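Student: First the structure, which I've put down as structure tokens, then a few questions once you've had a look.
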Amino acid sequence: MNAPRTRVQRRPVHGVLLLDKPIGLSSNDALQKVKWLLRAEKAGHTGTLDPLATGVLPLCFGAATKFSQLHLDADKTYRAIACLGQRTSTGDAEGDVIETRAVHVSAQSLAQLLPRFTGAIQQIPPMYSALKKDGKPLYELARAGLEVERPARDVRIHTLKAVLVQSASAAPAIEFVAKCSKGTYIRTLGEDIGEALGCGAHLTFLRREVTGDFDLSQCVTLPQLEAMSEDERLACLLPPEALLAHHTRVTLTPQDAGYFLSGMRRRGAWPDAAQVAVFGADPQALLGVAHIQSGELIADRLLSPLEIEQVLAQTQAQNLHQPIAEGQQF
């Protein structure tokens, strides 16, 4: 007989964990593994990475999930390798080779090409993407052998650097680093550069090095997490306000904080601001996000009193390195 599965007792966990996602896992698979390790009740991520890709994947837990959408607009930096001379059905090494061409590329011709792909550009999203057509993900249509028209999208490549290298199979390749806006498909960028070079290309390596203010130096790997105690895993979490670093900060008195949490607007000598992180003064705690218009602080997304209490207790436990007992509520 099979041994009965041990039921994981979930608990409220709040904050942001920066994971260095391994190759071969989808973003959701990685999220579920970390959620299980933390025994967290609620979790989400701030944008996906392909299974082929590795690198910075911010995972949000508890109260932080309320602000995860705000991070989708963040600029990102990727390092990639594109093998020249072959196009594949998916634009990366997971697809079938659909075309092979000779490669005649020099460092000079590559350097001359890069300005064409820097600044505001347009991209046609790949068929193997999560975008939807009539309610169906494009990758499902692609797997069925169908191709549909996709409108070009405006994106921005802030910086682009590239050099000629050899791929793992000793084939000619380019290694490039791109800092780009949200919505940029690096597979498509690699394919388009290869097409402009006259030989075609497909990605064989993709690593996200930076997303917003978060970079690889702040990340933890799955093996590292698995080797940690529960307290050590908890200590890896950044507070929910880590997602709000560029928000204007407003701190309210205890009385105004109570009114604000009930949804009431507060008046003050504040300049207009589209994105505001609101804190209570005593205790010092994140209350939610808001905007300021004509001197009025107007709530957009609020934490519940229970979430605020749990975040404060979790922060205290992290600061004191106190073990959290089984089943204890933060």
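Each chain in the structure tokens gets a letter, A, B, ..., in the order shown, and its residues are numbered from 1; ligands are numbered from 1 in order too.
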Could you list, as a PyMOL selection string, every residue within 9 Å of region 38-44 of chain A, counting only C-alpha atoms and ignoring same-chain residues fewer than 2 positions away?

Tutor: chain A and resi 8-14+28+31-36+46+58-65+68+230+233-234

Student: Just C-alpha atoms for this one: save the residues we selected as a PDB file, in the first residue's frame.

Tutor:
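Below is the file out19.pdb, written as the result:
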ATOM      1  CA  VAL A   8       0.788  20.546   4.289  1.00  0.00           C
ATOM      2  CA  GLN A   9      -0.657  22.970   6.814  1.00  0.00           C
ATOM      3  CA  ARG A  10      -0.813  26.315   5.034  1.00  0.00           C
ATOM      4  CA  ARG A  11      -0.161  29.576   6.824  1.00  0.00           C
ATOM      5  CA  PRO A  12      -0.367  33.296   6.011  1.00  0.00           C
ATOM      6  CA  VAL A  13       2.954  34.415   4.525  1.00  0.00           C
ATOM      7  CA  HIS A  14       3.489  37.958   3.233  1.00  0.00           C
ATOM      8  CA  ASN A  28       3.973  28.586 -12.336  1.00  0.00           C
ATOM      9  CA  LEU A  31       5.904  29.349  -7.906  1.00  0.00           C
ATOM     10  CA  GLN A  32       4.114  26.224  -6.690  1.00  0.00           C
ATOM     11  CA  LYS A  33       7.382  24.682  -5.445  1.00  0.00           C
ATOM     12  CA  VAL A  34       8.262  27.785  -3.436  1.00  0.00           C
ATOM     13  CA  LYS A  35       4.690  28.125  -2.183  1.00  0.00           C
ATOM     14  CA  TRP A  36       4.923  24.549  -0.883  1.00  0.00           C
ATOM     15  CA  THR A  46       4.981  39.227 -11.606  1.00  0.00           C
ATOM     16  CA  PRO A  58       9.789  37.870  -8.261  1.00  0.00           C
ATOM     17  CA  LEU A  59       7.269  35.714  -6.400  1.00  0.00           C
ATOM     18  CA  CYS A  60       4.594  37.426  -4.324  1.00  0.00           C
ATOM     19  CA  PHE A  61       2.921  36.040  -1.227  1.00  0.00           C
ATOM     20  CA  GLY A  62      -0.080  37.178   0.792  1.00  0.00           C
ATOM     21  CA  ALA A  63      -0.443  40.959   0.895  1.00  0.00           C
ATOM     22  CA  ALA A  64       2.235  41.412  -1.775  1.00  0.00           C
ATOM     23  CA  THR A  65      -0.021  39.745  -4.375  1.00  0.00           C
ATOM     24  CA  SER A  68       2.106  42.277  -8.175  1.00  0.00           C
ATOM     25  CA  GLU A 230      11.577  27.392   7.605  1.00  0.00           C
ATOM     26  CA  ARG A 233      13.220  30.675   4.079  1.00  0.00           C
ATOM     27  CA  LEU A 234      11.041  33.271   5.763  1.00  0.00           C
TER      28      LEU A 234
END

Student: If we count only C-alpha atoms and set the cut-off at 12 Å, which residues sit around Pro240 (chain A), ignoring sequence neighbours fewer than 2 positions away in its own chain? Please answer as number ranges by chain.

Tutor: A: 13-17, 58-68, 70-71, 237-238, 242-245, 277, 279, 285-289, 303, 307-308, 310-312, 314-315

Student: Env of Ile292 (chain A): 12 Å cut, atoms = only C-alpha atoms, seq-sep filter 6 positions within chain, self excluded. Answer as a list in words.

Tutor: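 Skipping anything fewer than 6 positions along the chain leaves His247, Thr248, Arg249, Val250, Arg265, Arg266, Arg267, Gly268, Ala269, Trp270, Pro271, Asp272, Ala273, Ala274, Gln275, Val276, Ala277, Val278, Ile298, Ala299 and Asp300 of chain A.
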
Student: Measuring atom to atom with only C-alpha atoms, identify which of A:Gly263, A:Asp50, A:Leu84, A:Arg208 is nearest to Ile174 (chain A).

Tutor: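 Smallest distance to Ile174 (chain A) is found for A:Leu84.
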
Student: Can you check which residues of region 137-308 of chain A DSSP gives as strand (DSSP E or B) on the backbone and send them as a PyMOL selection string?

Tutor: chain A and resi 137+153-166+172-180+201-211+214-215+220+238+248-252+266-267+273-281+284-293+296-302

Student: May I ask for the distance between CA of Gly183 (chain A) and CA of Thr77 (chain A), given in Å to one decimal place?

Tutor: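 Going from CA of Gly183 (chain A) over to CA of Thr77 (chain A) covers 12.3 Å.
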
Student: Would you mind telling me which residue in A:Leu114, A:Ile124, A:Leu222, A:Ala196 lies nearest to Pro22 (chain A) when using only C-alpha atoms?

Tutor: A:Leu222

Student: For Asp215 (chain A), which of A:Leu52, A:Ile157, A:Ile186, A:Leu57 is the closest residue, counting only C-alpha atoms?

Tutor: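 The closest residue to Asp215 (chain A) is A:Leu57.
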
Student: What lies within 12 Å of Leu203 (chain A) using only C-alpha atoms, ignoring chain neighbours under 3 positions off, as a VMD selection string?

Tutor: chain A and resid 50 52 to 53 79 to 95 97 167 to 168 173 to 176 185 to 194 200 206 to 207
